[in-house]
file input.pdb (PDB, C-alpha atoms)
MODEL        1
ATOM      1  CA  MET A 471       0.000   0.000   0.000
ATOM      2  CA  GLY A 472       2.724   2.509   0.941
ATOM      3  CA  GLY A 473       4.269   3.091  -2.496
ATOM      4  CA  ASP A 474       1.127   3.532  -4.566
ATOM      5  CA  LEU A 475      -0.585   6.385  -2.745
ATOM      6  CA  PRO A 476      -1.421   9.350  -4.993
ATOM      7  CA  MET A 477       1.116  12.033  -4.196
ATOM      8  CA  ILE A 478       2.872  15.108  -5.546
ATOM      9  CA  VAL A 479       6.509  15.093  -4.486
ATOM     10  CA  GLY A 480       8.927  17.994  -4.477
ATOM     11  CA  SER A 481      11.949  19.140  -2.516
ATOM     12  CA  VAL A 482      13.231  21.930  -0.298
ATOM     13  CA  GLY A 483      15.631  24.247  -2.086
ATOM     14  CA  PRO A 484      18.856  25.721  -0.646
ATOM     15  CA  GLY A 485      16.971  28.893   0.347
ATOM     16  CA  GLY A 486      14.439  26.880   2.373
ATOM     17  CA  ASP A 487      11.574  27.058  -0.156
ATOM     18  CA  ALA A 488       9.308  24.029  -0.533
ATOM     19  CA  VAL A 489       9.121  23.495  -4.314
ATOM     20  CA  VAL A 490       6.750  21.309  -6.358
ATOM     21  CA  ARG A 491       6.120  21.115 -10.100
ATOM     22  CA  VAL A 492       2.649  21.724 -11.539
ATOM     23  CA  ARG A 493       1.361  21.627 -15.110
ATOM     24  CA  VAL A 494      -0.865  24.485 -16.230
ATOM     25  CA  ARG A 495      -3.048  24.458 -19.348
ATOM     26  CA  GLY A 496      -3.749  27.616 -21.306
ATOM     27  CA  SER A 497      -6.768  28.553 -23.380
ATOM     28  CA  ARG A 498      -5.147  27.154 -26.550
ATOM     29  CA  ASN A 499      -4.591  23.740 -24.873
ATOM     30  CA  THR A 500      -0.907  24.589 -24.450
ATOM     31  CA  THR A 501       0.580  23.068 -21.292
ATOM     32  CA  VAL A 502       3.564  24.394 -19.380
ATOM     33  CA  GLU A 503       5.185  22.936 -16.285
ATOM     34  CA  PHE A 504       6.194  25.384 -13.553
ATOM     35  CA  GLN A 505       8.330  24.973 -10.473
ATOM     36  CA  THR A 506       6.186  26.563  -7.777
ATOM     37  CA  VAL A 507       7.023  27.572  -4.234
ATOM     38  CA  VAL A 508       4.445  26.379  -1.698
ATOM     39  CA  ASP A 509       3.346  29.538   0.142
ATOM     40  CA  THR A 510       1.194  28.903   3.224
ATOM     41  CA  GLY A 511       0.773  32.668   3.617
ATOM     42  CA  PHE A 512      -0.961  32.954   0.229
ATOM     43  CA  ASN A 513      -4.669  32.077   0.448
ATOM     44  CA  ASP A 514      -5.486  31.738  -3.264
ATOM     45  CA  TRP A 515      -4.485  29.145  -5.862
ATOM     46  CA  LEU A 516      -1.476  30.112  -7.949
ATOM     47  CA  THR A 517       0.520  33.164  -8.988
ATOM     48  CA  LEU A 518       2.209  33.588 -12.349
ATOM     49  CA  SER A 519       3.929  36.507 -14.050
ATOM     50  CA  ARG A 520       2.234  38.666 -16.665
ATOM     51  CA  THR A 521       4.550  37.154 -19.298
ATOM     52  CA  ASP A 522       3.469  33.587 -18.431
ATOM     53  CA  ILE A 523      -0.220  34.560 -18.312
ATOM     54  CA  GLU A 524      -0.011  36.257 -21.725
ATOM     55  CA  ALA A 525       1.878  33.291 -23.239
ATOM     56  CA  LEU A 526      -0.858  30.902 -22.074
ATOM     57  CA  ALA A 527      -3.633  33.332 -23.103
ATOM     58  CA  PHE A 528      -5.677  32.986 -19.916
ATOM     59  CA  PRO A 529      -9.014  34.834 -19.979
ATOM     60  CA  PHE A 530      -9.265  37.774 -17.558
ATOM     61  CA  ARG A 531     -11.863  37.321 -14.769
ATOM     62  CA  GLU A 532     -11.584  40.111 -12.182
ATOM     63  CA  GLU A 533      -9.307  42.188  -9.988
ATOM     64  CA  GLY A 534      -8.515  41.404  -6.362
ATOM     65  CA  ARG A 535      -6.855  43.165  -3.420
ATOM     66  CA  TYR A 536      -3.912  41.505  -1.714
ATOM     67  CA  ALA A 537      -1.964  42.276   1.447
ATOM     68  CA  LEU A 538       1.727  41.603   0.848
ATOM     69  CA  ALA A 539       4.248  40.244   3.358
ATOM     70  CA  ASP A 540       5.693  43.738   3.905
ATOM     71  CA  GLY A 541       2.251  45.024   4.984
ATOM     72  CA  SER A 542       1.539  46.948   1.790
ATOM     73  CA  GLU A 543      -1.531  46.314  -0.364
ATOM     74  CA  THR A 544      -1.745  45.747  -4.084
ATOM     75  CA  VAL A 545      -4.444  45.183  -6.670
ATOM     76  CA  SER A 546      -3.797  42.251  -8.985
ATOM     77  CA  ARG A 547      -5.606  40.807 -11.964
ATOM     78  CA  LEU A 548      -7.055  37.281 -11.798
ATOM     79  CA  PHE A 549      -7.326  34.918 -14.753
ATOM     80  CA  ALA A 550      -9.130  31.617 -15.363
ATOM     81  CA  ALA A 551      -6.810  28.639 -15.841
ATOM     82  CA  GLU A 552      -6.551  24.889 -15.407
ATOM     83  CA  VAL A 553      -3.946  23.007 -13.371
ATOM     84  CA  GLU A 554      -3.275  19.285 -13.538
ATOM     85  CA  TRP A 555      -3.915  18.125  -9.992
ATOM     86  CA  PHE A 556      -3.761  14.434  -9.111
ATOM     87  CA  GLY A 557      -4.452  13.301 -12.660
ATOM     88  CA  ARG A 558      -7.352  15.669 -13.349
ATOM     89  CA  TRP A 559      -7.573  19.161 -14.778
ATOM     90  CA  ARG A 560      -8.789  21.519 -12.057
ATOM     91  CA  ARG A 561     -10.212  24.973 -12.842
ATOM     92  CA  ILE A 562      -8.603  27.686 -10.753
ATOM     93  CA  LEU A 563      -7.873  31.398 -10.719
ATOM     94  CA  VAL A 564      -4.326  32.562 -11.359
ATOM     95  CA  VAL A 565      -3.189  35.815  -9.758
ATOM     96  CA  GLU A 566      -0.896  37.993 -11.847
ATOM     97  CA  MET A 567       2.112  38.704  -9.632
ATOM     98  CA  ASP A 568       5.849  39.075 -10.113
ATOM     99  CA  GLY A 569       8.373  37.142  -8.073
ATOM    100  CA  GLY A 570       8.072  33.579  -9.301
ATOM    101  CA  PRO A 571       5.177  31.092  -9.239
ATOM    102  CA  LEU A 572       3.552  30.525  -5.844
ATOM    103  CA  LEU A 573       1.218  27.650  -4.973
ATOM    104  CA  GLY A 574      -1.294  28.825  -2.383
ATOM    105  CA  MET A 575      -3.554  27.362   0.265
ATOM    106  CA  ALA A 576      -6.667  27.215  -1.947
ATOM    107  CA  MET A 577      -4.861  24.555  -4.019
ATOM    108  CA  LEU A 578      -4.014  22.623  -0.845
ATOM    109  CA  ARG A 579      -7.476  22.655   0.755
ATOM    110  CA  GLY A 580      -8.451  19.037   1.459
ATOM    111  CA  PHE A 581      -4.865  17.810   1.127
ATOM    112  CA  PHE A 582      -1.972  16.956   3.428
ATOM    113  CA  LEU A 583       1.248  18.977   3.088
ATOM    114  CA  GLY A 584       4.426  17.533   4.586
ATOM    115  CA  VAL A 585       7.816  19.216   4.429
ATOM    116  CA  GLU A 586      11.186  17.982   5.666
ATOM    117  CA  VAL A 587      12.630  21.407   6.406
ATOM    118  CA  ILE A 588      16.270  20.730   5.485
ATOM    119  CA  ASP A 589      18.181  21.426   2.260
ATOM    120  CA  GLY A 590      17.007  18.812  -0.241
ATOM    121  CA  GLY A 591      14.233  17.695   2.121
ATOM    122  CA  ARG A 592      11.134  15.966   0.762
ATOM    123  CA  VAL A 593       7.893  17.880   0.081
ATOM    124  CA  GLU A 594       4.714  15.776  -0.131
ATOM    125  CA  ILE A 595       1.160  16.734  -1.066
ATOM    126  CA  ARG A 596      -1.468  13.995  -0.896
ATOM    127  CA  PRO A 597      -5.226  13.760  -0.446
ATOM    128  CA  LEU A 598      -6.357  13.682   3.171
ATOM    129  CA  GLY A 599      -7.310  10.185   4.195
ATOM    130  CA  ALA A 600      -5.024   8.590   1.582
TER     131      ALA A 600
ENDMDL
END
call {"tool": "encode", "arguments": {"input": "input.pdb", "output": "structure tokens"}}
result
Amino acid sequence: MGGDLPMIVGSVGPGGDAVVRVRVRGSRNTTVEFQTVVDTGFNDWLTLSRTDIEALAFPFREEGRYALADGSETVSRLFAAEVEWFGRWRRILVVEMDGGPLLGMAMLRGFFLGVEVIDGGRVEIRPLGA
């Protein structure tokens, strides 16, 4: 039983970031794989840069207000997208934000996140109860 549980596996980088790969599908059925940093302080799904969003031609949905780690606020644009998540394409909103792709808590809702917090440590995401 142990080896065949559904799981997304990543690793902890030298800077301490928990990193996992996710595949994102654009409106033209183009798929791109991104290395994302798991950010437990980010409540939405995923952030990508304007360049990545334009390349994948995501449709614009709305604007949202965000409080940043430094206490400032920003308004960002949100776009409809699909992410491959445990073998299925899941519809999400992508937040346009610079600084590298972040995977947020909305993506992790209903899942277990485990992180060995050492350089090269294992990052695991799996369904709760699995």
call {"tool": "atom_distance", "arguments": {"input": "input.pdb", "atom1": "atom CA of A:Leu578", "atom2": "atom CA of A:Leu538"}}
result
19.9 Å
call {"tool": "resolve_selection", "arguments": {"input": "input.pdb", "expression": "the PyMOL selection byres ((chain A and resi 477-481) around 10)", "output": "short mmCIF file (atom, residue, chain, number, x, y, z; two decimals) with C-alpha atoms, in the coordinates of the input"}}
result
data_model
loop_
_atom_site.label_atom_id
_atom_site.label_comp_id
_atom_site.auth_asym_id
_atom_site.auth_seq_id
_atom_site.Cartn_x
_atom_site.Cartn_y
_atom_site.Cartn_z
CA GLY A 473 4.27 3.09 -2.50
CA ASP A 474 1.13 3.53 -4.57
CA LEU A 475 -0.58 6.38 -2.74
CA PRO A 476 -1.42 9.35 -4.99
CA VAL A 482 13.23 21.93 -0.30
CA GLY A 483 15.63 24.25 -2.09
CA PRO A 484 18.86 25.72 -0.65
CA GLY A 486 14.44 26.88 2.37
CA ASP A 487 11.57 27.06 -0.16
CA ALA A 488 9.31 24.03 -0.53
CA VAL A 489 9.12 23.50 -4.31
CA VAL A 490 6.75 21.31 -6.36
CA ARG A 491 6.12 21.12 -10.10
CA VAL A 492 2.65 21.72 -11.54
CA GLN A 505 8.33 24.97 -10.47
CA THR A 506 6.19 26.56 -7.78
CA VAL A 507 7.02 27.57 -4.23
CA VAL A 508 4.44 26.38 -1.70
CA TRP A 555 -3.92 18.12 -9.99
CA PHE A 556 -3.76 14.43 -9.11
CA PHE A 581 -4.86 17.81 1.13
CA PHE A 582 -1.97 16.96 3.43
CA LEU A 583 1.25 18.98 3.09
CA GLY A 584 4.43 17.53 4.59
CA VAL A 585 7.82 19.22 4.43
CA GLU A 586 11.19 17.98 5.67
CA VAL A 587 12.63 21.41 6.41
CA ILE A 588 16.27 20.73 5.48
CA ASP A 589 18.18 21.43 2.26
CA GLY A 590 17.01 18.81 -0.24
CA GLY A 591 14.23 17.70 2.12
CA ARG A 592 11.13 15.97 0.76
CA VAL A 593 7.89 17.88 0.08
CA GLU A 594 4.71 15.78 -0.13
CA ILE A 595 1.16 16.73 -1.07
CA ARG A 596 -1.47 14.00 -0.90
CA PRO A 597 -5.23 13.76 -0.45
CA ALA A 600 -5.02 8.59 1.58
#
call {"tool": "atom_distance", "arguments": {"input": "input.pdb", "atom1": "atom CA of A:Arg493", "atom2": "atom CA of A:Glu554"}}
result
5.4 Å
call {"tool": "closest_residue", "arguments": {"input": "input.pdb", "among": "A:Ala537, A:Val545, A:Ala525, A:Leu598", "to": "A:Val494", "atoms": "all atoms listed in the file"}}
result
A:Ala525
call {"tool": "atom_distance", "arguments": {"input": "input.pdb", "atom1": "atom CA of A:Ala527", "atom2": "atom CA of A:Pro571"}}
result
16.6 Å
call {"tool": "closest_residue", "arguments": {"input": "input.pdb", "among": "A:Val565, A:Gly599, A:Ala550, A:Leu572", "to": "A:Glu533", "atoms": "all atoms listed in the file"}}
result
A:Val565
call {"tool": "residues_near_point", "arguments": {"input": "input.pdb", "point": "(2.1, 34.0, -17.6)", "cutoff": "10 Å", "atoms": "all atoms listed in the file", "output": "MDAnalysis selection string"}}
result
chainID A and resid 496 502 517:528 549 564:568 571
call {"tool": "residues_around", "arguments": {"input": "input.pdb", "residues": "A:Glu552", "least_positions_apart": "2", "cutoff": "6 Å", "atoms": "all atoms listed in the file", "output": "short mmCIF file (atom, residue, chain, number, x, y, z; two decimals) with C-alpha atoms, keeping the file's coordinate frame"}}
result
data_model
loop_
_atom_site.label_atom_id
_atom_site.label_comp_id
_atom_site.auth_asym_id
_atom_site.auth_seq_id
_atom_site.Cartn_x
_atom_site.Cartn_y
_atom_site.Cartn_z
CA VAL A 494 -0.86 24.48 -16.23
CA ARG A 495 -3.05 24.46 -19.35
CA TRP A 559 -7.57 19.16 -14.78
CA ARG A 560 -8.79 21.52 -12.06
CA ARG A 561 -10.21 24.97 -12.84
CA ILE A 562 -8.60 27.69 -10.75
#
call {"tool": "decode", "arguments": {"input": "input.pdb", "residues": "chain A", "atoms": "C-alpha atoms", "output": "tab-separated table (two decimals), in the first residue's frame"}}
result
chain	number	residue	atom	x	y	z
A	471	MET	CA	0.00	0.00	0.00
A	472	GLY	CA	2.72	2.51	0.94
A	473	GLY	CA	4.27	3.09	-2.50
A	474	ASP	CA	1.13	3.53	-4.57
A	475	LEU	CA	-0.59	6.39	-2.75
A	476	PRO	CA	-1.42	9.35	-4.99
A	477	MET	CA	1.12	12.03	-4.20
A	478	ILE	CA	2.87	15.11	-5.55
A	479	VAL	CA	6.51	15.09	-4.49
A	480	GLY	CA	8.93	17.99	-4.48
A	481	SER	CA	11.95	19.14	-2.52
A	482	VAL	CA	13.23	21.93	-0.30
A	483	GLY	CA	15.63	24.25	-2.09
A	484	PRO	CA	18.86	25.72	-0.65
A	485	GLY	CA	16.97	28.89	0.35
A	486	GLY	CA	14.44	26.88	2.37
A	487	ASP	CA	11.57	27.06	-0.16
A	488	ALA	CA	9.31	24.03	-0.53
A	489	VAL	CA	9.12	23.50	-4.31
A	490	VAL	CA	6.75	21.31	-6.36
A	491	ARG	CA	6.12	21.12	-10.10
A	492	VAL	CA	2.65	21.72	-11.54
A	493	ARG	CA	1.36	21.63	-15.11
A	494	VAL	CA	-0.86	24.48	-16.23
A	495	ARG	CA	-3.05	24.46	-19.35
A	496	GLY	CA	-3.75	27.62	-21.31
A	497	SER	CA	-6.77	28.55	-23.38
A	498	ARG	CA	-5.15	27.15	-26.55
A	499	ASN	CA	-4.59	23.74	-24.87
A	500	THR	CA	-0.91	24.59	-24.45
A	501	THR	CA	0.58	23.07	-21.29
A	502	VAL	CA	3.56	24.39	-19.38
A	503	GLU	CA	5.19	22.94	-16.28
A	504	PHE	CA	6.19	25.38	-13.55
A	505	GLN	CA	8.33	24.97	-10.47
A	506	THR	CA	6.19	26.56	-7.78
A	507	VAL	CA	7.02	27.57	-4.23
A	508	VAL	CA	4.44	26.38	-1.70
A	509	ASP	CA	3.35	29.54	0.14
A	510	THR	CA	1.19	28.90	3.22
A	511	GLY	CA	0.77	32.67	3.62
A	512	PHE	CA	-0.96	32.95	0.23
A	513	ASN	CA	-4.67	32.08	0.45
A	514	ASP	CA	-5.49	31.74	-3.26
A	515	TRP	CA	-4.48	29.14	-5.86
A	516	LEU	CA	-1.48	30.11	-7.95
A	517	THR	CA	0.52	33.16	-8.99
A	518	LEU	CA	2.21	33.59	-12.35
A	519	SER	CA	3.93	36.51	-14.05
A	520	ARG	CA	2.23	38.67	-16.67
A	521	THR	CA	4.55	37.15	-19.30
A	522	ASP	CA	3.47	33.59	-18.43
A	523	ILE	CA	-0.22	34.56	-18.31
A	524	GLU	CA	-0.01	36.26	-21.73
A	525	ALA	CA	1.88	33.29	-23.24
A	526	LEU	CA	-0.86	30.90	-22.07
A	527	ALA	CA	-3.63	33.33	-23.10
A	528	PHE	CA	-5.68	32.99	-19.92
A	529	PRO	CA	-9.01	34.83	-19.98
A	530	PHE	CA	-9.26	37.77	-17.56
A	531	ARG	CA	-11.86	37.32	-14.77
A	532	GLU	CA	-11.58	40.11	-12.18
A	533	GLU	CA	-9.31	42.19	-9.99
A	534	GLY	CA	-8.51	41.40	-6.36
A	535	ARG	CA	-6.86	43.17	-3.42
A	536	TYR	CA	-3.91	41.51	-1.71
A	537	ALA	CA	-1.96	42.28	1.45
A	538	LEU	CA	1.73	41.60	0.85
A	539	ALA	CA	4.25	40.24	3.36
A	540	ASP	CA	5.69	43.74	3.91
A	541	GLY	CA	2.25	45.02	4.98
A	542	SER	CA	1.54	46.95	1.79
A	543	GLU	CA	-1.53	46.31	-0.36
A	544	THR	CA	-1.74	45.75	-4.08
A	545	VAL	CA	-4.44	45.18	-6.67
A	546	SER	CA	-3.80	42.25	-8.98
A	547	ARG	CA	-5.61	40.81	-11.96
A	548	LEU	CA	-7.06	37.28	-11.80
A	549	PHE	CA	-7.33	34.92	-14.75
A	550	ALA	CA	-9.13	31.62	-15.36
A	551	ALA	CA	-6.81	28.64	-15.84
A	552	GLU	CA	-6.55	24.89	-15.41
A	553	VAL	CA	-3.95	23.01	-13.37
A	554	GLU	CA	-3.27	19.28	-13.54
A	555	TRP	CA	-3.91	18.13	-9.99
A	556	PHE	CA	-3.76	14.43	-9.11
A	557	GLY	CA	-4.45	13.30	-12.66
A	558	ARG	CA	-7.35	15.67	-13.35
A	559	TRP	CA	-7.57	19.16	-14.78
A	560	ARG	CA	-8.79	21.52	-12.06
A	561	ARG	CA	-10.21	24.97	-12.84
A	562	ILE	CA	-8.60	27.69	-10.75
A	563	LEU	CA	-7.87	31.40	-10.72
A	564	VAL	CA	-4.33	32.56	-11.36
A	565	VAL	CA	-3.19	35.81	-9.76
A	566	GLU	CA	-0.90	37.99	-11.85
A	567	MET	CA	2.11	38.70	-9.63
A	568	ASP	CA	5.85	39.08	-10.11
A	569	GLY	CA	8.37	37.14	-8.07
A	570	GLY	CA	8.07	33.58	-9.30
A	571	PRO	CA	5.18	31.09	-9.24
A	572	LEU	CA	3.55	30.52	-5.84
A	573	LEU	CA	1.22	27.65	-4.97
A	574	GLY	CA	-1.29	28.83	-2.38
A	575	MET	CA	-3.55	27.36	0.27
A	576	ALA	CA	-6.67	27.22	-1.95
A	577	MET	CA	-4.86	24.55	-4.02
A	578	LEU	CA	-4.01	22.62	-0.84
A	579	ARG	CA	-7.48	22.65	0.75
A	580	GLY	CA	-8.45	19.04	1.46
A	581	PHE	CA	-4.86	17.81	1.13
A	582	PHE	CA	-1.97	16.96	3.43
A	583	LEU	CA	1.25	18.98	3.09
A	584	GLY	CA	4.43	17.53	4.59
A	585	VAL	CA	7.82	19.22	4.43
A	586	GLU	CA	11.19	17.98	5.67
A	587	VAL	CA	12.63	21.41	6.41
A	588	ILE	CA	16.27	20.73	5.49
A	589	ASP	CA	18.18	21.43	2.26
A	590	GLY	CA	17.01	18.81	-0.24
A	591	GLY	CA	14.23	17.70	2.12
A	592	ARG	CA	11.13	15.97	0.76
A	593	VAL	CA	7.89	17.88	0.08
A	594	GLU	CA	4.71	15.78	-0.13
A	595	ILE	CA	1.16	16.73	-1.07
A	596	ARG	CA	-1.47	14.00	-0.90
A	597	PRO	CA	-5.23	13.76	-0.45
A	598	LEU	CA	-6.36	13.68	3.17
A	599	GLY	CA	-7.31	10.18	4.19
A	600	ALA	CA	-5.02	8.59	1.58
